[in-house]
$ cat final.json   # JSON, C-alpha atoms
[["chain", "number", "residue", "atom", "x", "y", "z"],
["A", 1, "MET", "CA", 0.00, 0.00, 0.00],
["A", 2, "ASN", "CA", 1.24, 3.50, -0.90],
["A", 3, "LYS", "CA", 0.35, 6.78, 0.77],
["A", 4, "THR", "CA", 0.48, 9.90, -1.42],
["A", 5, "VAL", "CA", -0.10, 13.41, -0.09],
["A", 6, "PHE", "CA", -1.42, 16.18, -2.34],
["A", 7, "GLU", "CA", -1.71, 19.88, -1.62],
["A", 8, "ILE", "CA", -5.08, 21.13, -2.93],
["A", 9, "THR", "CA", -4.74, 24.91, -2.75],
["A", 10, "LYS", "CA", -8.37, 25.63, -3.72],
["A", 11, "MET", "CA", -10.00, 23.06, -1.42],
["A", 12, "ASP", "CA", -11.75, 25.64, 0.75],
["A", 13, "CYS", "CA", -14.86, 23.79, 1.89],
["A", 14, "PRO", "CA", -16.58, 20.37, 1.90],
["A", 15, "SER", "CA", -18.14, 20.86, -1.54],
["A", 16, "GLU", "CA", -14.65, 20.82, -3.11],
["A", 17, "GLU", "CA", -13.86, 17.70, -1.08],
["A", 18, "ASN", "CA", -16.91, 16.00, -2.55],
["A", 19, "LEU", "CA", -15.90, 17.05, -6.06],
["A", 20, "ILE", "CA", -12.54, 15.36, -5.51],
["A", 21, "ARG", "CA", -14.16, 12.21, -4.10],
["A", 22, "MET", "CA", -16.56, 12.00, -7.06],
["A", 23, "LYS", "CA", -13.78, 12.56, -9.58],
["A", 24, "LEU", "CA", -11.66, 9.79, -8.08],
["A", 25, "ASP", "CA", -14.59, 7.44, -7.61],
["A", 26, "GLY", "CA", -14.18, 4.33, -9.70],
["A", 27, "ILE", "CA", -10.37, 4.26, -9.76],
["A", 28, "PRO", "CA", -9.78, 0.70, -8.51],
["A", 29, "SER", "CA", -6.30, 1.30, -7.13],
["A", 30, "ILE", "CA", -7.61, 3.73, -4.45],
["A", 31, "ALA", "CA", -8.19, 2.15, -1.04],
["A", 32, "ASN", "CA", -9.08, 5.29, 0.91],
["A", 33, "LEU", "CA", -9.16, 9.10, 0.71],
["A", 34, "ASP", "CA", -8.59, 11.43, 3.64],
["A", 35, "CYS", "CA", -9.21, 15.17, 3.17],
["A", 36, "ASP", "CA", -7.75, 17.75, 5.55],
["A", 37, "ILE", "CA", -9.65, 20.93, 4.62],
["A", 38, "PRO", "CA", -7.98, 23.37, 7.08],
["A", 39, "ASN", "CA", -4.50, 22.45, 5.78],
["A", 40, "ARG", "CA", -5.71, 21.85, 2.20],
["A", 41, "LYS", "CA", -4.22, 18.36, 2.07],
["A", 42, "LEU", "CA", -5.52, 15.23, 0.34],
["A", 43, "ILE", "CA", -4.10, 11.88, 1.47],
["A", 44, "VAL", "CA", -4.59, 9.00, -0.95],
["A", 45, "PHE", "CA", -4.01, 5.39, 0.06],
["A", 46, "HIS", "CA", -3.52, 3.38, -3.10],
["A", 47, "SER", "CA", -1.79, 0.47, -4.76],
["A", 48, "GLY", "CA", 0.32, 0.73, -7.89],
["A", 49, "GLU", "CA", 1.19, 3.94, -9.74],
["A", 50, "ILE", "CA", -0.20, 7.37, -8.93],
["A", 51, "ASP", "CA", -0.33, 8.68, -12.54],
["A", 52, "GLN", "CA", -4.06, 8.21, -13.18],
["A", 53, "ILE", "CA", -4.99, 9.64, -9.77],
["A", 54, "GLU", "CA", -2.73, 12.66, -10.29],
["A", 55, "ARG", "CA", -4.20, 13.37, -13.74],
["A", 56, "SER", "CA", -7.74, 13.22, -12.38],
["A", 57, "ILE", "CA", -6.91, 15.67, -9.60],
["A", 58, "ILE", "CA", -5.22, 18.11, -12.01],
["A", 59, "GLU", "CA", -8.26, 18.01, -14.32],
["A", 60, "LEU", "CA", -10.43, 19.56, -11.57],
["A", 61, "ASN", "CA", -8.30, 22.74, -11.59],
["A", 62, "LEU", "CA", -8.27, 22.96, -7.80],
["A", 63, "GLY", "CA", -4.53, 23.56, -7.63],
["A", 64, "GLY", "CA", -3.53, 19.95, -6.94],
["A", 65, "ASN", "CA", 0.19, 19.35, -6.41],
["A", 66, "LYS", "CA", 1.78, 16.07, -5.32],
["A", 67, "ILE", "CA", 3.91, 16.52, -2.20],
["A", 68, "SER", "CA", 5.10, 13.02, -1.36],
["A", 69, "THR", "CA", 4.61, 9.29, -1.87],
["A", 70, "GLU", "CA", 5.68, 6.66, 0.63],
["A", 71, "GLN", "CA", 4.90, 3.07, 1.50],
["A", 72, "THR", "CA", 2.60, 2.37, 4.44],
["A", 73, "ASP", "CA", 1.44, -0.68, 6.38],
["A", 74, "GLN", "CA", -2.00, 0.84, 7.01],
["A", 75, "THR", "CA", -4.77, -1.27, 5.49],
["A", 76, "ASP", "CA", -7.63, -0.76, 7.94],
["A", 77, "PHE", "CA", -9.73, 2.33, 7.25],
["A", 78, "LYS", "CA", -12.71, 3.42, 9.31],
["A", 79, "GLU", "CA", -15.79, 4.18, 7.27],
["A", 80, "ASN", "CA", -18.14, 6.89, 8.48],
["A", 81, "THR", "CA", -21.59, 5.28, 8.48],
["A", 82, "ASN", "CA", -23.22, 8.66, 9.13],
["A", 83, "GLN", "CA", -21.77, 10.25, 6.00],
["A", 84, "LYS", "CA", -25.02, 9.99, 4.04],
["A", 85, "ASN", "CA", -27.04, 11.63, 6.81],
["A", 86, "LEU", "CA", -24.46, 14.41, 7.07],
["A", 87, "LEU", "CA", -24.60, 15.03, 3.33],
["A", 88, "TRP", "CA", -28.40, 15.25, 3.53],
["A", 89, "SER", "CA", -28.07, 17.81, 6.33],
["A", 90, "VAL", "CA", -25.74, 20.12, 4.43],
["A", 91, "LEU", "CA", -27.72, 19.64, 1.21],
["A", 92, "ILE", "CA", -30.92, 20.79, 2.94],
["A", 93, "ILE", "CA", -29.18, 23.78, 4.57],
["A", 94, "ASN", "CA", -27.62, 24.91, 1.29],
["A", 95, "PHE", "CA", -30.79, 24.45, -0.77],
["A", 96, "ALA", "CA", -32.89, 26.24, 1.86],
["A", 97, "PHE", "CA", -30.56, 29.23, 1.72],
["A", 98, "PHE", "CA", -30.60, 29.13, -2.08],
["A", 99, "ILE", "CA", -34.36, 29.71, -1.89],
["A", 100, "ILE", "CA", -34.07, 32.30, 0.90],
["A", 101, "GLU", "CA", -31.32, 34.32, -0.80],
["A", 102, "MET", "CA", -32.88, 34.11, -4.25],
["A", 103, "THR", "CA", -36.25, 35.28, -2.89],
["A", 104, "THR", "CA", -34.87, 38.09, -0.72],
["A", 105, "GLY", "CA", -32.40, 39.05, -3.47],
["A", 106, "ILE", "CA", -35.21, 39.56, -5.97],
["A", 107, "ILE", "CA", -37.39, 41.42, -3.45],
["A", 108, "SER", "CA", -34.53, 43.66, -2.23],
["A", 109, "LYS", "CA", -33.15, 44.09, -5.79],
["A", 110, "SER", "CA", -29.72, 42.81, -4.68],
["A", 111, "MET", "CA", -27.65, 41.01, -7.32],
["A", 112, "GLY", "CA", -25.15, 40.12, -4.59],
["A", 113, "LEU", "CA", -27.75, 38.03, -2.78],
["A", 114, "VAL", "CA", -28.99, 36.49, -6.05],
["A", 115, "ALA", "CA", -25.44, 35.53, -7.00],
["A", 116, "ASP", "CA", -24.72, 34.11, -3.55],
["A", 117, "SER", "CA", -27.91, 32.05, -3.79],
["A", 118, "LEU", "CA", -26.50, 30.43, -6.94],
["A", 119, "ASP", "CA", -23.29, 29.67, -5.06],
["A", 120, "MET", "CA", -25.44, 27.90, -2.44],
["A", 121, "LEU", "CA", -27.21, 26.06, -5.26],
["A", 122, "ALA", "CA", -23.81, 25.01, -6.66],
["A", 123, "ASP", "CA", -22.88, 23.44, -3.32],
["A", 124, "SER", "CA", -26.30, 21.75, -3.23],
["A", 125, "PHE", "CA", -25.59, 20.22, -6.64],
["A", 126, "VAL", "CA", -22.29, 18.80, -5.40],
["A", 127, "TYR", "CA", -23.85, 17.24, -2.29],
["A", 128, "GLY", "CA", -26.84, 16.05, -4.34],
["A", 129, "ILE", "CA", -24.64, 14.33, -6.92],
["A", 130, "SER", "CA", -22.72, 12.69, -4.08],
["A", 131, "LEU", "CA", -25.95, 11.34, -2.61],
["A", 132, "PHE", "CA", -27.93, 10.34, -5.67],
["A", 133, "ALA", "CA", -24.97, 8.77, -7.46],
["A", 134, "VAL", "CA", -24.18, 6.49, -4.51],
["A", 135, "GLY", "CA", -24.52, 2.94, -5.70],
["A", 136, "GLY", "CA", -25.27, 4.14, -9.21],
["A", 137, "THR", "CA", -23.27, 3.65, -12.36],
["A", 138, "LEU", "CA", -20.48, 5.98, -13.47],
["A", 139, "ILE", "CA", -22.59, 6.92, -16.52],
["A", 140, "LYS", "CA", -25.45, 7.99, -14.23],
["A", 141, "LYS", "CA", -23.12, 10.17, -12.18],
["A", 142, "LYS", "CA", -21.70, 11.80, -15.31],
["A", 143, "ARG", "CA", -25.18, 12.58, -16.66],
["A", 144, "ILE", "CA", -26.24, 14.21, -13.39],
["A", 145, "ALA", "CA", -23.01, 16.23, -13.27],
["A", 146, "LYS", "CA", -23.46, 17.43, -16.85],
["A", 147, "LEU", "CA", -27.06, 18.57, -16.27],
["A", 148, "ALA", "CA", -26.11, 20.33, -13.02],
["A", 149, "GLY", "CA", -23.13, 22.09, -14.61],
["A", 150, "TYR", "CA", -25.02, 23.42, -17.63],
["A", 151, "PHE", "CA", -27.98, 24.50, -15.50],
["A", 152, "GLN", "CA", -25.65, 26.42, -13.21],
["A", 153, "ILE", "CA", -23.92, 28.15, -16.14],
["A", 154, "THR", "CA", -27.29, 29.13, -17.63],
["A", 155, "LEU", "CA", -28.44, 30.75, -14.38],
["A", 156, "ALA", "CA", -25.12, 32.60, -13.98],
["A", 157, "LEU", "CA", -25.29, 33.96, -17.55],
["A", 158, "ILE", "CA", -28.84, 35.20, -16.92],
["A", 159, "GLY", "CA", -27.43, 36.91, -13.84],
["A", 160, "PHE", "CA", -24.70, 38.59, -15.92],
["A", 161, "VAL", "CA", -27.32, 39.96, -18.32],
["A", 162, "GLU", "CA", -29.30, 41.37, -15.40],
["A", 163, "VAL", "CA", -26.15, 42.99, -13.96],
["A", 164, "LEU", "CA", -25.50, 44.72, -17.30],
["A", 165, "ARG", "CA", -29.12, 45.88, -17.54],
["A", 166, "ARG", "CA", -28.94, 47.40, -14.07],
["A", 167, "PHE", "CA", -25.50, 48.91, -14.63],
["A", 168, "PHE", "CA", -26.56, 50.84, -17.74],
["A", 169, "GLY", "CA", -30.17, 51.41, -16.66],
["A", 170, "ASP", "CA", -31.81, 53.56, -14.01],
["A", 171, "GLU", "CA", -32.34, 50.99, -11.26],
["A", 172, "LYS", "CA", -33.43, 51.66, -7.68],
["A", 173, "LEU", "CA", -30.94, 51.09, -4.89],
["A", 174, "PRO", "CA", -30.97, 47.60, -3.35],
["A", 175, "ASP", "CA", -32.16, 47.28, 0.24],
["A", 176, "PHE", "CA", -28.83, 47.31, 2.06],
["A", 177, "SER", "CA", -30.30, 46.16, 5.41],
["A", 178, "THR", "CA", -31.78, 43.01, 3.80],
["A", 179, "MET", "CA", -28.43, 42.31, 2.11],
["A", 180, "ILE", "CA", -26.57, 42.51, 5.42],
["A", 181, "ILE", "CA", -29.07, 40.57, 7.56],
["A", 182, "VAL", "CA", -29.58, 37.70, 5.09],
["A", 183, "SER", "CA", -25.82, 37.43, 4.43],
["A", 184, "ILE", "CA", -25.12, 37.19, 8.16],
["A", 185, "PHE", "CA", -27.55, 34.26, 8.40],
["A", 186, "ALA", "CA", -25.95, 32.68, 5.29],
["A", 187, "LEU", "CA", -22.56, 33.11, 6.96],
["A", 188, "ILE", "CA", -23.86, 31.24, 10.00],
["A", 189, "ALA", "CA", -25.31, 28.51, 7.76],
["A", 190, "ASN", "CA", -21.97, 28.01, 5.99],
["A", 191, "GLY", "CA", -20.26, 27.79, 9.36],
["A", 192, "ILE", "CA", -22.73, 25.13, 10.49],
["A", 193, "CYS", "CA", -22.14, 23.09, 7.31],
["A", 194, "LEU", "CA", -18.37, 23.22, 7.76],
["A", 195, "TYR", "CA", -18.73, 22.29, 11.41],
["A", 196, "ILE", "CA", -21.04, 19.33, 10.72],
["A", 197, "LEU", "CA", -18.83, 17.79, 8.06],
["A", 198, "GLN", "CA", -15.48, 18.49, 9.68],
["A", 199, "LYS", "CA", -16.57, 17.34, 13.14],
["A", 200, "SER", "CA", -17.74, 14.03, 11.68],
["A", 201, "LYS", "CA", -14.15, 13.11, 10.83],
["A", 202, "SER", "CA", -12.97, 13.15, 14.41],
["A", 203, "LYS", "CA", -14.97, 12.48, 17.54],
["A", 204, "GLU", "CA", -12.30, 14.37, 19.46],
["A", 205, "GLU", "CA", -12.84, 17.50, 17.39],
["A", 206, "VAL", "CA", -15.43, 19.33, 19.49],
["A", 207, "HIS", "CA", -14.75, 22.87, 18.33],
["A", 208, "MET", "CA", -14.08, 23.94, 14.77],
["A", 209, "LYS", "CA", -10.79, 25.65, 14.04],
["A", 210, "ALA", "CA", -10.90, 29.26, 12.85],
["A", 211, "SER", "CA", -9.12, 28.30, 9.66],
["A", 212, "MET", "CA", -12.01, 26.02, 8.70],
["A", 213, "ILE", "CA", -14.31, 29.00, 8.57],
["A", 214, "PHE", "CA", -12.31, 31.98, 7.45],
["A", 215, "THR", "CA", -10.43, 30.35, 4.57],
["A", 216, "SER", "CA", -13.65, 29.24, 2.89],
["A", 217, "ASN", "CA", -14.70, 30.86, -0.40],
["A", 218, "ASP", "CA", -18.32, 30.64, 0.69],
["A", 219, "VAL", "CA", -17.66, 32.68, 3.81],
["A", 220, "ILE", "CA", -15.57, 35.22, 1.88],
["A", 221, "ILE", "CA", -18.52, 35.66, -0.49],
["A", 222, "ASN", "CA", -20.88, 36.24, 2.45],
["A", 223, "LEU", "CA", -18.51, 38.86, 3.86],
["A", 224, "GLY", "CA", -18.33, 40.45, 0.39],
["A", 225, "VAL", "CA", -22.11, 40.85, 0.20],
["A", 226, "ILE", "CA", -22.18, 42.32, 3.72],
["A", 227, "THR", "CA", -19.45, 44.81, 2.71],
["A", 228, "ALA", "CA", -21.36, 45.66, -0.47],
["A", 229, "GLY", "CA", -24.47, 46.37, 1.62],
["A", 230, "LEU", "CA", -22.52, 48.77, 3.82],
["A", 231, "LEU", "CA", -21.06, 50.51, 0.74],
["A", 232, "VAL", "CA", -24.49, 50.79, -0.90],
["A", 233, "ASN", "CA", -25.71, 52.68, 2.17],
["A", 234, "TRP", "CA", -22.53, 54.76, 2.54],
["A", 235, "LEU", "CA", -22.11, 55.73, -1.14],
["A", 236, "ASN", "CA", -25.84, 55.79, -1.96],
["A", 237, "SER", "CA", -25.01, 53.73, -5.06],
["A", 238, "GLY", "CA", -25.96, 50.27, -6.30],
["A", 239, "LYS", "CA", -22.57, 49.76, -8.00],
["A", 240, "PRO", "CA", -20.95, 47.86, -5.07],
["A", 241, "ASP", "CA", -23.79, 45.33, -5.16],
["A", 242, "LEU", "CA", -23.36, 44.86, -8.92],
["A", 243, "ILE", "CA", -19.59, 44.46, -8.60],
["A", 244, "VAL", "CA", -19.91, 41.80, -5.88],
["A", 245, "GLY", "CA", -22.66, 40.07, -7.87],
["A", 246, "THR", "CA", -20.43, 39.92, -10.95],
["A", 247, "ILE", "CA", -17.51, 38.47, -8.98],
["A", 248, "VAL", "CA", -19.73, 35.78, -7.45],
["A", 249, "PHE", "CA", -21.25, 34.89, -10.84],
["A", 250, "VAL", "CA", -17.70, 34.32, -12.13],
["A", 251, "LEU", "CA", -17.01, 32.01, -9.17],
["A", 252, "VAL", "CA", -20.29, 30.17, -9.83],
["A", 253, "ILE", "CA", -19.33, 29.56, -13.46],
["A", 254, "GLN", "CA", -15.88, 28.33, -12.38],
["A", 255, "GLY", "CA", -17.63, 25.91, -10.01],
["A", 256, "ALA", "CA", -19.92, 24.79, -12.83],
["A", 257, "PHE", "CA", -16.93, 23.91, -15.01],
["A", 258, "ARG", "CA", -15.50, 21.85, -12.14],
["A", 259, "ILE", "CA", -18.76, 19.94, -11.96],
["A", 260, "LEU", "CA", -18.65, 19.43, -15.73],
["A", 261, "LYS", "CA", -15.17, 17.93, -15.32],
["A", 262, "LEU", "CA", -16.90, 15.04, -13.55],
["A", 263, "SER", "CA", -18.85, 14.25, -16.72],
["A", 264, "ASN", "CA", -15.71, 13.72, -18.83]]
$ encode --input "final.json" --output "structure tokens"
Amino acid sequence: MNKTVFEITKMDCPSEENLIRMKLDGIPSIANLDCDIPNRKLIVFHSGEIDQIERSIIELNLGGNKISTEQTDQTDFKENTNQKNLLWSVLIINFAFFIIEMTTGIISKSMGLVADSLDMLADSFVYGISLFAVGGTLIKKKRIAKLAGYFQITLALIGFVEVLRRFFGDEKLPDFSTMIIVSIFALIANGICLYILQKSKSKEEVHMKASMIFTSNDVIINLGVITAGLLVNWLNSGKPDLIVGTIVFVLVIQGAFRILKLSN
């Protein structure tokens, strides 16, 4: 048995972990995967050569770099029987906040909230594919990934068009207080998701480390929308909301392409 350690520089939250697990699913030489999100490390226990595994990781464009490979005597790996229940929990939280942020974003005229809702939807897709593809064929998983990826890109492009319309049109200011309040709750929701999934990996891990929260793209996006809300109020302009919305739409499309990588 070999143990290879990868540094995954863009593995910021559990949704990226699940993308990696889905991408490597079906490679027979892999005995076990262990993801260390705070330190952005992926540990692969495998037999034989690492070439196929390394290519698959690089294809996801998550900044995967091989650090080391060594032999190990470890052959007994503990499986987390609660993993499916945990995935359902974070799927429900993310999808609920997709609906909440999309609804409040439309009502408050905030593109930042609308864009962040699509980021929540993107995470929901990843967890959903992980759940519904369990026990299914590789072809089924690829079809689900392809549909999810294209759907996500379509929504993000519609968002871009709306940003342009508002930028060049005479649009009312978004409700900055709604932006801030909803984003604070979304921030809490992301923290709960990270806590649930990270805590499950170690019964001794009672409290989440700060790095688990504040290195996450999802949390940075939430903080960006909160900042945009403050700037909308301070500058009496909707431009900060549009700028943040545009940035998040770009991140959503990047996430969509990662999902589409699973269908190749």
$ atom_distance --input "final.json" --atom1 "CA of Thr154 in chain A" --atom2 "CA of Leu223 in chain A"
25.2 Å
$ closest_residue --input "final.json" --among "A:Phe45, A:Ala186, A:Asn2, A:Glu17" --to "Ala96 in chain A" --atoms "all atoms listed in the file"
A:Ala186
$ residues_around --input "final.json" --residues "Lys41 in chain A" --least-positions-apart "2" --cutoff "9 Å" --atoms "only C-alpha atoms" --output "PyMOL selection string"
chain A and resi 5-9+11+34-39+43
$ closest_residue --input "final.json" --among "A:Leu24, A:Ala31, A:Leu91, A:Ala228" --to "Glu54 in chain A" --atoms "all atoms listed in the file"
A:Leu24
$ closest_residue --input "final.json" --among "A:Ala256, A:Ile106, A:Leu155, A:Ile27" --to "Ser56 in chain A" --atoms "all atoms listed in the file"
A:Ile27
$ closest_residue --input "final.json" --among "A:Trp234, A:Phe176, A:Tyr195, A:Phe168" --to "Ser89 in chain A" --atoms "only C-alpha atoms"
A:Tyr195
$ closest_residue --input "final.json" --among "A:Lys3, A:Arg40, A:Lys172, A:Arg55" --to "Gln71 in chain A" --atoms "all atoms listed in the file"
A:Lys3
$ closest_residue --input "final.json" --among "A:Thr246, A:Gln254, A:Thr69, A:Asn61" --to "Leu164 in chain A" --atoms "all atoms listed in the file"
A:Thr246
$ residues_around --input "final.json" --residues "Gly112 in chain A" --least-positions-apart "6" --cutoff "10 Å" --atoms "all atoms listed in the file" --output "mmCIF file with C-alpha atoms, in the frame of the given file"
data_model
loop_
_atom_site.group_PDB
_atom_site.id
_atom_site.type_symbol
_atom_site.label_atom_id
_atom_site.label_comp_id
_atom_site.auth_asym_id
_atom_site.auth_seq_id
_atom_site.Cartn_x
_atom_site.Cartn_y
_atom_site.Cartn_z
ATOM 1 C CA GLU A 101 -31.320 34.320 -0.800
ATOM 2 C CA MET A 102 -32.880 34.110 -4.250
ATOM 3 C CA GLY A 105 -32.400 39.050 -3.470
ATOM 4 C CA VAL A 163 -26.150 42.990 -13.960
ATOM 5 C CA PRO A 174 -30.970 47.600 -3.350
ATOM 6 C CA MET A 179 -28.430 42.310 2.110
ATOM 7 C CA SER A 183 -25.820 37.430 4.430
ATOM 8 C CA ILE A 221 -18.520 35.660 -0.490
ATOM 9 C CA ASN A 222 -20.880 36.240 2.450
ATOM 10 C CA GLY A 224 -18.330 40.450 0.390
ATOM 11 C CA VAL A 225 -22.110 40.850 0.200
ATOM 12 C CA ILE A 226 -22.180 42.320 3.720
ATOM 13 C CA ALA A 228 -21.360 45.660 -0.470
ATOM 14 C CA GLY A 229 -24.470 46.370 1.620
ATOM 15 C CA PRO A 240 -20.950 47.860 -5.070
ATOM 16 C CA ASP A 241 -23.790 45.330 -5.160
ATOM 17 C CA LEU A 242 -23.360 44.860 -8.920
ATOM 18 C CA ILE A 243 -19.590 44.460 -8.600
ATOM 19 C CA VAL A 244 -19.910 41.800 -5.880
ATOM 20 C CA GLY A 245 -22.660 40.070 -7.870
ATOM 21 C CA THR A 246 -20.430 39.920 -10.950
ATOM 22 C CA ILE A 247 -17.510 38.470 -8.980
ATOM 23 C CA VAL A 248 -19.730 35.780 -7.450
ATOM 24 C CA PHE A 249 -21.250 34.890 -10.840
#
$ atom_distance --input "final.json" --atom1 "CA of Ile259 in chain A" --atom2 "CA of Ala145 in chain A"
5.8 Å
$ residues_near_point --input "final.json" --point "(-24.7, 21.8, 0.5)" --cutoff "10 Å" --atoms "all atoms listed in the file" --output "list of chain:residue names"
A:Pro14, A:Ser15, A:Leu86, A:Leu87, A:Trp88, A:Ser89, A:Val90, A:Leu91, A:Ile92, A:Ile93, A:Asn94, A:Phe95, A:Ala96, A:Phe97, A:Phe98, A:Asp119, A:Met120, A:Leu121, A:Ala122, A:Asp123, A:Ser124, A:Phe125, A:Val126, A:Tyr127, A:Gly128, A:Ala189, A:Asn190, A:Cys193, A:Leu194
$ atom_distance --input "final.json" --atom1 "CA of Gly149 in chain A" --atom2 "CA of Ile180 in chain A"
28.8 Å
$ residues_near_point --input "final.json" --point "(-14.3, 16.0, -7.0)" --cutoff "8 Å" --atoms "only C-alpha atoms" --output "short mmCIF file (atom, residue, chain, number, x, y, z; two decimals) with C-alpha atoms, in the coordinates of the input"
data_model
loop_
_atom_site.label_atom_id
_atom_site.label_comp_id
_atom_site.auth_asym_id
_atom_site.auth_seq_id
_atom_site.Cartn_x
_atom_site.Cartn_y
_atom_site.Cartn_z
CA GLU A 16 -14.65 20.82 -3.11
CA GLU A 17 -13.86 17.70 -1.08
CA ASN A 18 -16.91 16.00 -2.55
CA LEU A 19 -15.90 17.05 -6.06
CA ILE A 20 -12.54 15.36 -5.51
CA ARG A 21 -14.16 12.21 -4.10
CA MET A 22 -16.56 12.00 -7.06
CA LYS A 23 -13.78 12.56 -9.58
CA LEU A 24 -11.66 9.79 -8.08
CA ILE A 57 -6.91 15.67 -9.60
CA LEU A 60 -10.43 19.56 -11.57
CA ARG A 258 -15.50 21.85 -12.14
CA ILE A 259 -18.76 19.94 -11.96
CA LEU A 262 -16.90 15.04 -13.55
#
$ residues_around --input "final.json" --residues "Thr103 in chain A" --least-positions-apart "4" --cutoff "10 Å" --atoms "all atoms listed in the file" --output "tab-separated table (two decimals) with C-alpha atoms, in the coordinates of the input"
chain	number	residue	atom	x	y	z
A	97	PHE	CA	-30.56	29.23	1.72
A	98	PHE	CA	-30.60	29.13	-2.08
A	99	ILE	CA	-34.36	29.71	-1.89
A	107	ILE	CA	-37.39	41.42	-3.45
A	108	SER	CA	-34.53	43.66	-2.23
A	109	LYS	CA	-33.15	44.09	-5.79
A	113	LEU	CA	-27.75	38.03	-2.78
A	114	VAL	CA	-28.99	36.49	-6.05
A	117	SER	CA	-27.91	32.05	-3.79
$ residues_around --input "final.json" --residues "Pro28 in chain A" --least-positions-apart "3" --cutoff "9 Å" --atoms "only C-alpha atoms" --output "number ranges by chain"
A: 25, 31, 46-47
$ build_atoms --input "final.json" --residues "range 157-170 of chain A" --atoms "N, CA, C and O atoms" --output "tab-separated table (two decimals), in the frame of the given file"
chain	number	residue	atom	x	y	z
A	157	LEU	N	-25.26	33.08	-16.38
A	157	LEU	CA	-25.29	33.96	-17.55
A	157	LEU	C	-26.50	34.88	-17.52
A	157	LEU	O	-26.41	36.06	-17.88
A	158	ILE	N	-27.65	34.35	-17.09
A	158	ILE	CA	-28.84	35.20	-16.92
A	158	ILE	C	-28.53	36.30	-15.90
A	158	ILE	O	-28.93	37.46	-16.07
A	159	GLY	N	-27.82	35.93	-14.85
A	159	GLY	CA	-27.43	36.91	-13.84
A	159	GLY	C	-26.54	38.00	-14.42
A	159	GLY	O	-26.71	39.19	-14.11
A	160	PHE	N	-25.57	37.61	-15.27
A	160	PHE	CA	-24.70	38.59	-15.92
A	160	PHE	C	-25.50	39.60	-16.75
A	160	PHE	O	-25.24	40.80	-16.72
A	161	VAL	N	-26.48	39.09	-17.49
A	161	VAL	CA	-27.32	39.96	-18.32
A	161	VAL	C	-28.06	40.97	-17.45
A	161	VAL	O	-28.16	42.16	-17.77
A	162	GLU	N	-28.58	40.49	-16.32
A	162	GLU	CA	-29.30	41.37	-15.40
A	162	GLU	C	-28.37	42.42	-14.79
A	162	GLU	O	-28.75	43.59	-14.61
A	163	VAL	N	-27.13	42.03	-14.49
A	163	VAL	CA	-26.15	42.99	-13.96
A	163	VAL	C	-25.90	44.10	-14.98
A	163	VAL	O	-25.88	45.30	-14.64
A	164	LEU	N	-25.72	43.73	-16.25
A	164	LEU	CA	-25.50	44.72	-17.30
A	164	LEU	C	-26.70	45.64	-17.47
A	164	LEU	O	-26.55	46.86	-17.64
A	165	ARG	N	-27.91	45.06	-17.41
A	165	ARG	CA	-29.12	45.88	-17.54
A	165	ARG	C	-29.20	46.91	-16.43
A	165	ARG	O	-29.52	48.09	-16.67
A	166	ARG	N	-28.87	46.49	-15.21
A	166	ARG	CA	-28.94	47.40	-14.07
A	166	ARG	C	-27.80	48.43	-14.10
A	166	ARG	O	-27.98	49.56	-13.67
A	167	PHE	N	-26.64	48.01	-14.60
A	167	PHE	CA	-25.50	48.91	-14.63
A	167	PHE	C	-25.75	50.08	-15.58
A	167	PHE	O	-25.40	51.24	-15.27
A	168	PHE	N	-26.33	49.79	-16.74
A	168	PHE	CA	-26.56	50.84	-17.74
A	168	PHE	C	-27.96	51.44	-17.64
A	168	PHE	O	-28.26	52.42	-18.33
A	169	GLY	N	-28.81	50.88	-16.81
A	169	GLY	CA	-30.17	51.41	-16.66
A	169	GLY	C	-30.30	52.27	-15.41
A	169	GLY	O	-29.35	52.50	-14.67
A	170	ASP	N	-31.52	52.73	-15.18
A	170	ASP	CA	-31.81	53.56	-14.01
A	170	ASP	C	-32.55	52.69	-12.99
A	170	ASP	O	-33.78	52.68	-12.93
